[in-house]
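What's in data18.cif: mmCIF, C-alpha atoms
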data_my_file
#
loop_
_atom_site.label_atom_id
_atom_site.label_comp_id
_atom_site.auth_asym_id
_atom_site.auth_seq_id
_atom_site.Cartn_x
_atom_site.Cartn_y
_atom_site.Cartn_z
CA MET A 1151 31.30 -9.85 -13.64
CA ASN A 1152 31.93 -9.58 -9.95
CA PHE A 1153 29.19 -8.90 -7.44
CA PRO A 1154 30.70 -7.92 -4.11
CA SER A 1155 29.20 -9.61 -1.10
CA PRO A 1156 27.24 -6.97 0.79
CA SER A 1157 28.53 -8.01 4.19
CA SER A 1158 32.17 -7.45 3.34
CA ALA A 1159 31.76 -4.22 1.37
CA GLU A 1160 32.07 -0.81 2.96
CA ALA A 1161 28.97 1.21 3.79
CA VAL A 1162 27.80 3.84 1.31
CA VAL A 1163 25.20 5.11 3.77
CA SER A 1164 25.70 5.05 7.53
CA VAL A 1165 23.04 6.27 9.91
CA THR A 1166 23.84 6.08 13.61
CA SER A 1167 21.36 6.72 16.44
CA LEU A 1168 19.39 9.23 14.39
CA SER A 1169 16.36 10.76 16.10
CA ARG A 1170 14.04 13.45 14.84
CA ARG A 1171 10.96 15.06 16.33
CA PHE A 1172 8.31 17.17 14.59
CA GLY A 1173 6.41 18.92 17.38
CA THR A 1174 5.16 16.13 19.58
CA LYS A 1175 5.58 13.44 16.93
CA GLN A 1176 8.70 11.30 17.17
CA ALA A 1177 9.32 10.87 13.44
CA LEU A 1178 12.59 8.95 13.80
CA ASP A 1179 13.62 7.22 16.99
CA ASP A 1180 17.21 6.04 17.41
CA VAL A 1181 17.59 4.82 13.83
CA THR A 1182 20.79 2.96 12.98
CA LEU A 1183 21.37 1.38 9.60
CA HIS A 1184 24.16 0.71 7.14
CA VAL A 1185 23.91 0.29 3.40
CA PRO A 1186 26.83 -1.67 1.90
CA ARG A 1187 28.20 -0.71 -1.52
CA GLY A 1188 26.78 -2.68 -4.42
CA CYS A 1189 23.56 -3.75 -2.78
CA VAL A 1190 19.90 -3.01 -3.33
CA PHE A 1191 18.57 -1.81 -0.01
CA GLY A 1192 14.83 -1.79 0.55
CA LEU A 1193 13.25 0.40 3.22
CA VAL A 1194 9.77 -0.81 4.05
CA GLY A 1195 7.12 0.58 6.33
CA GLU A 1196 3.58 1.86 6.44
CA ASN A 1197 2.68 5.38 5.37
CA GLY A 1198 3.84 7.79 8.03
CA ALA A 1199 6.36 5.34 9.50
CA GLY A 1200 9.27 7.70 8.80
CA LYS A 1201 10.59 6.50 5.42
CA THR A 1202 10.58 9.88 3.69
CA THR A 1203 11.95 11.67 6.77
CA LEU A 1204 14.88 9.26 6.78
CA ILE A 1205 15.50 9.78 3.06
CA LYS A 1206 15.44 13.56 3.53
CA HIS A 1207 18.23 13.18 6.08
CA LEU A 1208 20.29 11.20 3.56
CA LEU A 1209 19.89 14.04 1.06
CA GLY A 1210 20.81 16.70 3.60
CA LEU A 1211 17.34 18.27 3.37
CA LEU A 1212 16.98 17.71 7.10
CA LYS A 1213 19.74 18.10 9.63
CA ALA A 1214 20.25 15.40 12.24
CA GLU A 1215 18.94 16.60 15.62
CA THR A 1216 20.68 13.78 17.41
CA GLY A 1217 22.80 11.07 15.89
CA ARG A 1218 24.86 11.04 12.74
CA VAL A 1219 24.24 10.63 9.01
CA GLN A 1220 27.02 9.87 6.56
CA VAL A 1221 26.80 9.31 2.82
CA PHE A 1222 30.06 8.25 1.13
CA GLY A 1223 31.66 9.11 4.47
CA HIS A 1224 30.51 12.76 4.27
CA ASP A 1225 27.87 14.69 6.15
CA PRO A 1226 25.22 15.58 3.52
CA VAL A 1227 24.33 18.83 5.34
CA ALA A 1228 27.93 20.06 5.61
CA ASP A 1229 28.95 18.95 2.11
CA PRO A 1230 25.83 18.96 -0.10
CA VAL A 1231 27.70 19.27 -3.40
CA GLY A 1232 30.12 16.47 -2.56
CA VAL A 1233 27.24 14.15 -1.68
CA LEU A 1234 24.47 15.15 -4.08
CA SER A 1235 26.71 15.07 -7.16
CA ARG A 1236 26.99 11.32 -6.55
CA VAL A 1237 23.33 10.64 -5.71
CA GLY A 1238 20.49 10.18 -8.18
CA TYR A 1239 17.20 10.93 -6.45
CA LEU A 1240 13.59 10.37 -7.40
CA SER A 1241 11.00 11.71 -4.99
CA GLU A 1242 7.59 10.20 -4.49
CA TYR A 1243 5.98 13.31 -5.95
CA ARG A 1244 8.33 13.49 -8.96
CA ASP A 1245 8.05 17.28 -8.84
CA LEU A 1246 9.06 18.22 -12.37
CA PRO A 1247 8.52 21.68 -13.92
CA ALA A 1248 5.20 21.28 -15.72
CA TRP A 1249 5.81 23.95 -18.36
CA MET A 1250 9.03 22.49 -19.76
CA ARG A 1251 9.31 20.20 -22.73
CA VAL A 1252 11.04 16.86 -22.15
CA ASP A 1253 14.11 17.86 -24.20
CA GLU A 1254 14.32 21.22 -22.41
CA LEU A 1255 14.13 19.48 -19.05
CA LEU A 1256 16.98 17.15 -20.03
CA ASN A 1257 19.17 20.05 -21.19
CA TYR A 1258 18.35 22.03 -18.08
CA THR A 1259 19.17 19.18 -15.70
CA ARG A 1260 22.33 18.27 -17.59
CA ALA A 1261 23.78 21.68 -16.67
CA PHE A 1262 23.86 20.68 -13.00
CA TYR A 1263 25.81 17.47 -13.51
CA PRO A 1264 29.32 17.49 -14.98
CA LYS A 1265 29.12 13.71 -15.34
CA TRP A 1266 25.85 13.74 -17.33
CA ASP A 1267 26.00 11.09 -20.06
CA THR A 1268 24.10 12.52 -23.03
CA GLN A 1269 24.18 9.31 -25.02
CA TYR A 1270 22.90 7.26 -22.09
CA ALA A 1271 20.15 9.83 -21.46
CA GLU A 1272 19.09 9.48 -25.09
CA GLU A 1273 19.08 5.69 -24.86
CA LEU A 1274 16.89 5.84 -21.76
CA ARG A 1275 14.54 8.35 -23.39
CA GLU A 1276 13.99 6.04 -26.34
CA GLN A 1277 13.69 2.98 -24.18
CA PHE A 1278 11.10 4.70 -21.99
CA GLY A 1279 9.24 5.91 -25.07
CA LEU A 1280 9.31 9.60 -24.11
CA ASP A 1281 8.59 12.21 -26.79
CA PRO A 1282 11.20 15.03 -26.53
CA ALA A 1283 8.74 17.65 -27.75
CA GLN A 1284 6.04 16.86 -25.22
CA ARG A 1285 5.39 19.19 -22.27
CA VAL A 1286 5.82 17.69 -18.81
CA ARG A 1287 2.29 18.73 -17.85
CA SER A 1288 0.79 16.57 -20.60
CA LEU A 1289 2.73 13.44 -19.63
CA SER A 1290 0.87 10.58 -17.94
CA GLN A 1291 1.74 9.59 -14.37
CA GLY A 1292 3.85 6.72 -15.65
CA GLN A 1293 5.67 8.92 -18.19
CA GLN A 1294 6.41 11.46 -15.47
CA ALA A 1295 7.84 8.71 -13.28
CA LYS A 1296 10.02 7.53 -16.16
CA THR A 1297 11.16 11.10 -16.84
CA GLY A 1298 12.08 11.53 -13.18
CA LEU A 1299 13.93 8.23 -13.25
CA LEU A 1300 15.78 9.22 -16.42
CA LEU A 1301 16.97 12.44 -14.73
CA ALA A 1302 18.12 10.46 -11.70
CA LEU A 1303 20.01 7.89 -13.80
CA ALA A 1304 21.57 9.88 -16.65
CA PHE A 1305 24.68 10.98 -14.77
CA ARG A 1306 25.32 7.41 -13.64
CA PRO A 1307 25.17 8.11 -9.91
CA GLU A 1308 26.99 5.87 -7.47
CA LEU A 1309 23.90 5.85 -5.26
CA LEU A 1310 20.37 5.78 -6.60
CA LEU A 1311 17.85 6.93 -4.00
CA LEU A 1312 14.20 6.26 -4.79
CA ASP A 1313 11.34 7.26 -2.52
CA GLU A 1314 8.30 5.07 -3.26
CA PRO A 1315 9.28 4.83 -6.94
CA SER A 1316 6.29 2.76 -8.01
CA SER A 1317 3.61 4.38 -5.91
CA GLY A 1318 0.46 4.92 -7.97
CA LEU A 1319 1.87 3.35 -11.13
CA ASP A 1320 0.57 0.58 -13.34
CA PRO A 1321 2.37 -2.79 -13.49
CA VAL A 1322 4.09 -2.05 -16.81
CA VAL A 1323 5.76 1.13 -15.55
CA ARG A 1324 6.57 -0.57 -12.24
CA ARG A 1325 8.42 -3.23 -14.17
CA ASP A 1326 10.39 -0.58 -16.11
CA ILE A 1327 11.41 0.96 -12.81
CA LEU A 1328 12.43 -2.35 -11.28
CA GLU A 1329 14.45 -3.19 -14.38
CA ALA A 1330 16.21 0.17 -14.10
CA ILE A 1331 17.08 -0.66 -10.49
CA ILE A 1332 18.48 -4.01 -11.56
CA ARG A 1333 20.52 -2.57 -14.40
CA THR A 1334 21.90 0.09 -12.08
CA VAL A 1335 23.11 -2.34 -9.49
CA ALA A 1336 24.42 -4.72 -12.13
CA GLU A 1337 26.93 -2.02 -13.01
CA GLU A 1338 29.72 -2.66 -10.62
CA GLY A 1339 29.94 -0.63 -7.44
CA ARG A 1340 26.57 1.08 -7.74
CA THR A 1341 24.12 1.03 -4.90
CA VAL A 1342 20.35 1.44 -4.79
CA PHE A 1343 18.34 2.55 -1.78
CA PHE A 1344 14.59 2.54 -2.23
CA SER A 1345 11.55 2.80 -0.05
CA SER A 1346 8.37 0.93 -0.79
CA HIS A 1347 5.26 -0.47 0.73
CA LEU A 1348 4.96 -3.06 -2.07
CA LEU A 1349 6.60 -6.00 -0.38
CA ASP A 1350 6.63 -8.36 -3.33
CA GLU A 1351 8.81 -5.92 -5.28
CA VAL A 1352 11.13 -5.45 -2.29
CA GLU A 1353 11.36 -9.21 -2.02
CA ARG A 1354 12.26 -9.49 -5.70
CA VAL A 1355 14.98 -6.93 -6.02
CA SER A 1356 16.51 -6.14 -2.64
CA ASP A 1357 19.25 -8.04 -0.91
CA GLN A 1358 19.19 -6.01 2.28
CA LEU A 1359 16.28 -4.39 3.99
CA ALA A 1360 15.13 -2.41 6.97
CA MET A 1361 11.60 -2.33 8.27
CA ILE A 1362 10.56 0.89 9.98
CA ARG A 1363 7.55 1.30 12.26
CA ASN A 1364 6.64 4.45 14.17
CA GLY A 1365 10.11 5.85 13.48
CA ARG A 1366 11.93 2.81 14.83
CA ILE A 1367 13.83 0.17 12.91
CA VAL A 1368 12.19 -3.13 13.82
CA LEU A 1369 14.11 -5.36 11.39
CA HIS A 1370 17.38 -4.79 9.58
CA GLY A 1371 19.56 -7.23 7.72
CA ARG A 1372 19.95 -9.46 4.72
CA LEU A 1373 16.62 -10.42 3.21
CA ASP A 1374 17.46 -14.13 3.27
CA ASP A 1375 18.52 -13.99 6.92
CA ILE A 1376 15.36 -12.15 7.92
CA LYS A 1377 13.22 -14.72 6.17
CA GLN A 1378 15.14 -17.64 7.63
CA ASN A 1379 14.76 -16.21 11.14
CA HIS A 1380 11.00 -16.38 10.90
CA ARG A 1381 8.85 -19.47 10.80
CA GLN A 1382 5.19 -19.99 10.25
CA PHE A 1383 3.57 -22.89 12.08
CA VAL A 1384 0.09 -24.29 11.73
CA VAL A 1385 -0.84 -25.97 15.01
CA ARG A 1386 -3.87 -28.02 16.03
CA PHE A 1387 -5.48 -28.32 19.44
CA GLU A 1388 -7.47 -31.35 20.57
CA ALA A 1389 -10.42 -29.22 21.58
CA VAL A 1390 -12.12 -26.24 19.96
CA LEU A 1391 -10.81 -23.03 21.57
CA ALA A 1392 -13.36 -20.33 22.26
CA VAL A 1393 -10.70 -17.67 22.76
CA ALA A 1394 -7.34 -17.27 21.08
CA PRO A 1395 -4.51 -19.17 22.79
CA ARG A 1396 -1.53 -17.21 24.08
CA PHE A 1397 1.93 -17.88 22.73
CA GLU A 1398 4.84 -15.92 24.14
CA THR A 1399 7.04 -16.90 21.20
CA ALA A 1400 4.56 -15.81 18.50
CA LEU A 1401 4.62 -12.44 16.76
CA SER A 1402 1.16 -13.03 15.45
CA LEU A 1403 -1.59 -15.55 15.75
CA ARG A 1404 -4.68 -16.14 13.68
CA GLY A 1405 -7.23 -18.86 13.35
CA THR A 1406 -10.41 -20.23 14.84
CA GLY A 1407 -11.52 -23.41 16.56
CA ARG A 1408 -8.85 -26.11 16.60
CA GLU A 1409 -6.34 -24.83 14.05
CA TRP A 1410 -4.20 -21.73 14.44
CA THR A 1411 -1.36 -20.17 12.48
CA LEU A 1412 1.56 -18.72 14.41
CA LEU A 1413 4.30 -16.56 13.01
CA CYS A 1414 7.38 -16.84 15.18
CA LYS A 1415 10.83 -15.33 15.26
CA GLY A 1416 14.00 -16.81 16.66
CA GLU A 1417 14.77 -20.13 18.27
CA ARG A 1418 12.69 -22.90 16.74
CA SER A 1419 13.06 -25.21 19.74
CA HIS A 1420 11.48 -22.61 22.07
CA VAL A 1421 8.44 -22.39 19.82
CA LEU A 1422 8.08 -26.15 19.59
CA ALA A 1423 8.41 -26.49 23.37
CA GLU A 1424 5.69 -23.90 23.92
CA VAL A 1425 3.38 -25.52 21.37
CA GLN A 1426 3.85 -28.87 23.09
CA ALA A 1427 3.30 -27.36 26.55
CA CYS A 1428 -0.06 -26.02 25.34
CA GLY A 1429 -1.09 -29.48 24.27
CA ALA A 1430 -1.11 -28.64 20.57
CA THR A 1431 0.58 -30.42 17.68
CA VAL A 1432 2.39 -28.87 14.71
CA LEU A 1433 0.69 -29.61 11.39
CA SER A 1434 3.08 -27.72 9.15
CA GLU A 1435 6.05 -25.42 9.26
CA GLN A 1436 7.27 -23.07 6.56
CA VAL A 1437 9.28 -19.94 5.88
CA PRO A 1438 6.83 -17.02 5.64
CA SER A 1439 6.84 -14.42 2.90
CA LEU A 1440 8.02 -10.90 3.63
CA ASP A 1441 4.43 -9.78 3.44
CA GLU A 1442 3.43 -12.16 6.23
CA ILE A 1443 6.39 -11.04 8.37
CA PHE A 1444 5.42 -7.42 7.82
CA VAL A 1445 1.80 -8.00 8.74
CA ALA A 1446 2.88 -9.90 11.87
CA GLN A 1447 5.17 -7.04 12.89
CA ALA A 1448 2.36 -4.54 12.36
CA ALA A 1449 -0.04 -6.71 14.36
CA GLN A 1450 2.39 -6.66 17.29
CA ARG A 1451 1.49 -3.06 17.90
CA GLN A 1452 -2.07 -4.12 18.63
CA LEU A 1453 -1.02 -7.02 20.84
CA LYS A 1454 1.52 -5.10 22.87
CA PRO A 1455 0.70 -1.39 22.67
CA ALA A 1456 3.08 -0.47 25.47
CA ALA A 1457 6.15 -2.01 23.82
CA MET B 402 16.05 -21.91 -19.83
CA GLN B 403 12.63 -21.19 -18.40
CA ILE B 404 12.45 -20.32 -14.73
CA GLN B 405 9.48 -19.07 -12.75
CA ILE B 406 9.98 -17.07 -9.59
CA ASP B 407 7.36 -16.65 -6.93
CA PRO B 408 8.56 -13.94 -4.53
CA SER B 409 5.64 -14.49 -2.17
CA SER B 410 6.51 -18.14 -1.61
CA GLY B 411 8.52 -18.67 1.53
CA ALA B 412 11.50 -20.21 -0.28
CA PRO B 413 14.37 -17.77 -0.88
CA ILE B 414 14.55 -16.72 -4.53
CA TYR B 415 18.11 -18.01 -5.01
CA LEU B 416 16.95 -21.42 -3.83
CA GLN B 417 14.01 -21.38 -6.23
CA ILE B 418 16.52 -20.86 -9.07
CA VAL B 419 18.87 -23.56 -7.78
CA ASN B 420 16.06 -26.11 -7.50
CA GLN B 421 14.58 -25.30 -10.87
CA VAL B 422 17.94 -25.50 -12.67
CA LYS B 423 18.61 -28.83 -10.97
CA TYR B 424 15.21 -30.00 -12.09
CA LEU B 425 15.78 -28.82 -15.68
CA VAL B 426 19.10 -30.67 -15.75
CA ALA B 427 17.66 -33.82 -14.17
CA SER B 428 14.79 -33.87 -16.64
CA ALA B 429 17.20 -33.29 -19.57
CA ARG B 430 15.58 -30.01 -20.55
CA LEU B 431 19.08 -28.60 -20.06
CA ALA B 432 21.71 -30.79 -21.72
CA PRO B 433 25.29 -31.28 -20.50
CA GLY B 434 27.52 -28.61 -22.02
CA GLU B 435 24.60 -26.26 -22.70
CA GLU B 436 25.18 -22.64 -21.80
CA ILE B 437 22.91 -21.00 -19.22
CA PRO B 438 22.19 -17.24 -19.40
CA PRO B 439 24.69 -14.73 -17.99
CA ILE B 440 23.84 -13.46 -14.48
CA ARG B 441 22.78 -10.05 -15.70
CA THR B 442 20.56 -11.38 -18.46
CA LEU B 443 18.69 -13.71 -16.15
CA ALA B 444 18.38 -10.99 -13.49
CA GLU B 445 16.78 -8.61 -15.99
CA GLN B 446 14.56 -11.33 -17.40
CA LEU B 447 13.23 -12.38 -14.01
CA VAL B 448 13.35 -8.82 -12.59
CA ILE B 449 15.36 -9.89 -9.59
CA ASN B 450 18.58 -8.76 -7.96
CA PRO B 451 21.71 -9.87 -9.88
CA ASN B 452 23.34 -10.75 -6.55
CA THR B 453 20.58 -13.32 -6.05
CA VAL B 454 21.30 -14.91 -9.44
CA ALA B 455 25.03 -14.82 -8.67
CA ARG B 456 24.38 -16.63 -5.40
CA ALA B 457 22.25 -19.27 -7.13
CA TYR B 458 24.94 -19.86 -9.77
CA LEU B 459 27.58 -20.16 -7.06
CA GLU B 460 25.51 -22.81 -5.28
CA LEU B 461 24.99 -24.67 -8.55
CA GLU B 462 28.71 -24.51 -9.25
CA ARG B 463 29.52 -25.85 -5.77
CA ALA B 464 27.01 -28.64 -6.27
CA GLY B 465 28.74 -29.55 -9.54
CA VAL B 466 25.66 -28.88 -11.65
CA VAL B 467 27.23 -26.09 -13.68
CA ILE B 468 30.75 -25.03 -14.57
CA LYS B 469 31.91 -21.46 -14.94
CA ARG B 470 34.46 -20.93 -17.70
CA HIS B 471 36.16 -17.57 -17.36
CA GLY B 472 35.50 -15.23 -20.20
CA THR B 473 33.00 -17.50 -21.91
CA GLY B 474 30.11 -18.15 -19.57
CA THR B 475 28.40 -20.72 -17.40
CA PHE B 476 27.62 -24.19 -18.73
CA VAL B 477 25.82 -27.29 -17.56
CA ALA B 478 28.44 -29.76 -16.29
CA ASP B 479 29.24 -32.79 -18.43
CA ASN B 480 28.38 -35.18 -15.63
CA PRO B 481 25.93 -33.34 -13.41
CA PRO B 482 25.26 -35.15 -10.13
CA SER B 483 21.90 -36.83 -10.02
CA VAL B 484 19.38 -35.74 -7.43
CA SER B 485 19.90 -37.71 -4.21
CA LYS B 486 17.34 -40.28 -3.14
CA ALA B 487 16.39 -38.19 -0.12
CA GLN B 488 15.78 -35.14 -2.32
CA ARG B 489 13.77 -37.15 -4.82
CA GLN B 490 11.61 -38.52 -2.06
CA LYS B 491 11.12 -35.10 -0.55
CA ILE B 492 10.01 -33.55 -3.85
CA LEU B 493 7.71 -36.43 -4.76
CA GLY B 494 6.50 -36.80 -1.16
CA GLU B 495 5.05 -33.30 -1.21
CA ARG B 496 3.26 -33.99 -4.49
CA ALA B 497 1.97 -37.28 -3.12
CA ASP B 498 0.63 -35.56 0.02
CA ALA B 499 -1.21 -33.01 -2.12
CA LEU B 500 -2.68 -35.78 -4.27
CA LEU B 501 -3.82 -37.85 -1.28
CA THR B 502 -5.36 -34.82 0.44
CA GLU B 503 -7.31 -33.96 -2.66
CA ALA B 504 -8.42 -37.57 -3.12
CA ARG B 505 -9.68 -37.68 0.46
CA GLN B 506 -11.58 -34.44 0.04
CA LEU B 507 -13.21 -35.81 -3.11
CA GLY B 508 -14.08 -39.02 -1.30
CA VAL B 509 -11.85 -41.16 -3.55
CA GLU B 510 -10.57 -44.35 -1.91
CA PHE B 511 -6.82 -44.95 -1.68
CA GLU B 512 -7.03 -48.08 -3.86
CA GLU B 513 -8.74 -46.06 -6.53
CA VAL B 514 -5.86 -43.55 -6.49
CA VAL B 515 -3.36 -46.37 -6.94
CA GLU B 516 -5.38 -47.73 -9.86
CA LEU B 517 -5.45 -44.29 -11.38
CA LEU B 518 -1.64 -44.00 -11.09
CA HIS B 519 -1.24 -47.33 -12.87
CA ALA B 520 -3.61 -46.26 -15.61
CA ARG B 521 -1.88 -42.92 -16.15
CA ASN B 522 1.52 -44.55 -16.16
CA GLU B 523 0.42 -46.98 -18.88
CA LYS B 524 -0.93 -44.14 -20.92
CA MET B 525 2.35 -42.22 -20.62
CA ASN B 526 4.64 -45.19 -21.29
CA PRO B 527 2.68 -47.73 -23.35
CA ALA B 528 5.86 -49.70 -24.09
CA ASN B 529 6.63 -50.39 -20.41
CA ALA B 530 3.17 -51.56 -19.58
#

Would you kindly transcribe this structure into structure tokens?
Amino acid sequence: MNFPSPSSAEAVVSVTSLSRRFGTKQALDDVTLHVPRGCVFGLVGENGAGKTTLIKHLLGLLKAETGRVQVFGHDPVADPVGVLSRVGYLSEYRDLPAWMRVDELLNYTRAFYPKWDTQYAEELREQFGLDPAQRVRSLSQGQQAKTGLLLALAFRPELLLLDEPSSGLDPVVRRDILEAIIRTVAEEGRTVFFSSHLLDEVERVSDQLAMIRNGRIVLHGRLDDIKQNHRQFVVRFEAVLAVAPRFETALSLRGTGREWTLLCKGERSHVLAEVQACGATVLSEQVPSLDEIFVAQAAQRQLKPAA
Amino acid sequence: MQIQIDPSSGAPIYLQIVNQVKYLVASARLAPGEEIPPIRTLAEQLVINPNTVARAYLELERAGVVIKRHGTGTFVADNPPSVSKAQRQKILGERADALLTEARQLGVEFEEVVELLHARNEKMNPANA
């Protein structure tokens, strides 16, 4: 089996300088990102950060006001059939027709996709434990999510697009969804793009990620690179500090008294120089988790509101 | 092959796999010539990205710990390199720090810790005592 290296592969999704405004709200602000073929791309951000708006642009449900969106090298607004026939999509709300039976819904959806794989759909249905005779309205949240996922997977799309796939689901269903993501990308050449606010699952399955905040991309790259670019230091001052010390190089700072934890990005030597200049000593240094990086990025807004 | 992944730990997941496989080989829980799971199987089992497993296997192959035989699978090398002295000291050093910190917090003297280590060692290897 050959897993292409994401950096060398061509981009399945290319977004360049995309901006979008809803009334006075800047929903997307100069967003640029590229999703290489064969990768699992995680889009993380708080609620209202712009994740769903971005995904709607990829599906051609919203037209780019400024900037450019390309999926498989096509504009999804100009060529919806060419793009959507290759994209499996699961929305956060999993809006399925409540009155249909599961088998009816499968037959109905199959009609839209020439490449629908009936045998694969049946395999997934059994694996997910879905009763074909049951009405959609009587399915549990988790069963509805699995049904939505089945519909998105059964025509073996080249790009699987999932908007908050595990939102509101129990751990067992979440695991089923993550396994489906992994199986999808393990099939050569397939790509997964998913948004989530559950950072431990992004950390598990994605190899590339973008972090969006207030419509802007604040981090974008390989997960390993992003983690390696950040460092968490615990430092100790000789005296008890009544107010928090200031560190130019720190994204976030927390602590009390003598010991403080700094989360820093970039050049390690600059951080160490600043710590030394403040008369503090480094007690420990480690690579932070994605969760800690995310929280530090979010805290920045409070530290530097004008930025 | 039993591997535990902690995504919230700072260490990259591929490195967690590399270190644990090295440890399993060093402690003879994986024998030379033994097959390790295919990339896809391990990825599904651990619920992690197959690219991450592929990267870990590549590192292990480069380090001479495993050998990939085309068409058959990936196997533990016949003569896997032993863990370097620096690595051994780093791994044990961290454990030792944790032990000493805990001892200090419990008010246990250093000499008492050393005695305890001797006692435990005798219990584990009665023949060497």

*Å distance separating CA of Leu1348 in chain A from CA of Val1237 in chain A, one decimal place*: 23.2 Å

*Name every residue that the PyMOL selection byres ((chain A) within 12 of (chain B)) selects in this structure, writing the answer as a PyMOL selection string with chains first and numbers rising.*
chain A and resi 1151-1156+1188-1192+1324-1338+1341-1342+1348-1358+1372-1382+1434-1443

Store the residues picked out above in a file with C-alpha atoms, as a PDB file, in the frame of the given file.
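Final output, again.pdb:
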ATOM      1  CA  MET A1151      31.300  -9.850 -13.640  1.00  0.00           C
ATOM      2  CA  ASN A1152      31.930  -9.580  -9.950  1.00  0.00           C
ATOM      3  CA  PHE A1153      29.190  -8.900  -7.440  1.00  0.00           C
ATOM      4  CA  PRO A1154      30.700  -7.920  -4.110  1.00  0.00           C
ATOM      5  CA  SER A1155      29.200  -9.610  -1.100  1.00  0.00           C
ATOM      6  CA  PRO A1156      27.240  -6.970   0.790  1.00  0.00           C
ATOM      7  CA  GLY A1188      26.780  -2.680  -4.420  1.00  0.00           C
ATOM      8  CA  CYS A1189      23.560  -3.750  -2.780  1.00  0.00           C
ATOM      9  CA  VAL A1190      19.900  -3.010  -3.330  1.00  0.00           C
ATOM     10  CA  PHE A1191      18.570  -1.810  -0.010  1.00  0.00           C
ATOM     11  CA  GLY A1192      14.830  -1.790   0.550  1.00  0.00           C
ATOM     12  CA  ARG A1324       6.570  -0.570 -12.240  1.00  0.00           C
ATOM     13  CA  ARG A1325       8.420  -3.230 -14.170  1.00  0.00           C
ATOM     14  CA  ASP A1326      10.390  -0.580 -16.110  1.00  0.00           C
ATOM     15  CA  ILE A1327      11.410   0.960 -12.810  1.00  0.00           C
ATOM     16  CA  LEU A1328      12.430  -2.350 -11.280  1.00  0.00           C
ATOM     17  CA  GLU A1329      14.450  -3.190 -14.380  1.00  0.00           C
ATOM     18  CA  ALA A1330      16.210   0.170 -14.100  1.00  0.00           C
ATOM     19  CA  ILE A1331      17.080  -0.660 -10.490  1.00  0.00           C
ATOM     20  CA  ILE A1332      18.480  -4.010 -11.560  1.00  0.00           C
ATOM     21  CA  ARG A1333      20.520  -2.570 -14.400  1.00  0.00           C
ATOM     22  CA  THR A1334      21.900   0.090 -12.080  1.00  0.00           C
ATOM     23  CA  VAL A1335      23.110  -2.340  -9.490  1.00  0.00           C
ATOM     24  CA  ALA A1336      24.420  -4.720 -12.130  1.00  0.00           C
ATOM     25  CA  GLU A1337      26.930  -2.020 -13.010  1.00  0.00           C
ATOM     26  CA  GLU A1338      29.720  -2.660 -10.620  1.00  0.00           C
ATOM     27  CA  THR A1341      24.120   1.030  -4.900  1.00  0.00           C
ATOM     28  CA  VAL A1342      20.350   1.440  -4.790  1.00  0.00           C
ATOM     29  CA  LEU A1348       4.960  -3.060  -2.070  1.00  0.00           C
ATOM     30  CA  LEU A1349       6.600  -6.000  -0.380  1.00  0.00           C
ATOM     31  CA  ASP A1350       6.630  -8.360  -3.330  1.00  0.00           C
ATOM     32  CA  GLU A1351       8.810  -5.920  -5.280  1.00  0.00           C
ATOM     33  CA  VAL A1352      11.130  -5.450  -2.290  1.00  0.00           C
ATOM     34  CA  GLU A1353      11.360  -9.210  -2.020  1.00  0.00           C
ATOM     35  CA  ARG A1354      12.260  -9.490  -5.700  1.00  0.00           C
ATOM     36  CA  VAL A1355      14.980  -6.930  -6.020  1.00  0.00           C
ATOM     37  CA  SER A1356      16.510  -6.140  -2.640  1.00  0.00           C
ATOM     38  CA  ASP A1357      19.250  -8.040  -0.910  1.00  0.00           C
ATOM     39  CA  GLN A1358      19.190  -6.010   2.280  1.00  0.00           C
ATOM     40  CA  ARG A1372      19.950  -9.460   4.720  1.00  0.00           C
ATOM     41  CA  LEU A1373      16.620 -10.420   3.210  1.00  0.00           C
ATOM     42  CA  ASP A1374      17.460 -14.130   3.270  1.00  0.00           C
ATOM     43  CA  ASP A1375      18.520 -13.990   6.920  1.00  0.00           C
ATOM     44  CA  ILE A1376      15.360 -12.150   7.920  1.00  0.00           C
ATOM     45  CA  LYS A1377      13.220 -14.720   6.170  1.00  0.00           C
ATOM     46  CA  GLN A1378      15.140 -17.640   7.630  1.00  0.00           C
ATOM     47  CA  ASN A1379      14.760 -16.210  11.140  1.00  0.00           C
ATOM     48  CA  HIS A1380      11.000 -16.380  10.900  1.00  0.00           C
ATOM     49  CA  ARG A1381       8.850 -19.470  10.800  1.00  0.00           C
ATOM     50  CA  GLN A1382       5.190 -19.990  10.250  1.00  0.00           C
ATOM     51  CA  SER A1434       3.080 -27.720   9.150  1.00  0.00           C
ATOM     52  CA  GLU A1435       6.050 -25.420   9.260  1.00  0.00           C
ATOM     53  CA  GLN A1436       7.270 -23.070   6.560  1.00  0.00           C
ATOM     54  CA  VAL A1437       9.280 -19.940   5.880  1.00  0.00           C
ATOM     55  CA  PRO A1438       6.830 -17.020   5.640  1.00  0.00           C
ATOM     56  CA  SER A1439       6.840 -14.420   2.900  1.00  0.00           C
ATOM     57  CA  LEU A1440       8.020 -10.900   3.630  1.00  0.00           C
ATOM     58  CA  ASP A1441       4.430  -9.780   3.440  1.00  0.00           C
ATOM     59  CA  GLU A1442       3.430 -12.160   6.230  1.00  0.00           C
ATOM     60  CA  ILE A1443       6.390 -11.040   8.370  1.00  0.00           C
TER      61      ILE A1443
END

*Residue neighbourhood range 1386-1393 of chain A, 6 Å, all atoms listed in the file, exclusion window fewer than 3 positions, as JSON, numbers by chain*: {"A": [1407, 1408, 1409, 1430, 1431]}

Keeping only C-alpha atoms, write those residues as a compact mmCIF listing (two decimals), keeping the file's coordinate frame.
# COMPACT_ATOMS: atom_id res chain seq x y z
CA GLY A 1407 -11.52 -23.41 16.56
CA ARG A 1408 -8.85 -26.11 16.60
CA GLU A 1409 -6.34 -24.83 14.05
CA ALA A 1430 -1.11 -28.64 20.57
CA THR A 1431 0.58 -30.42 17.68
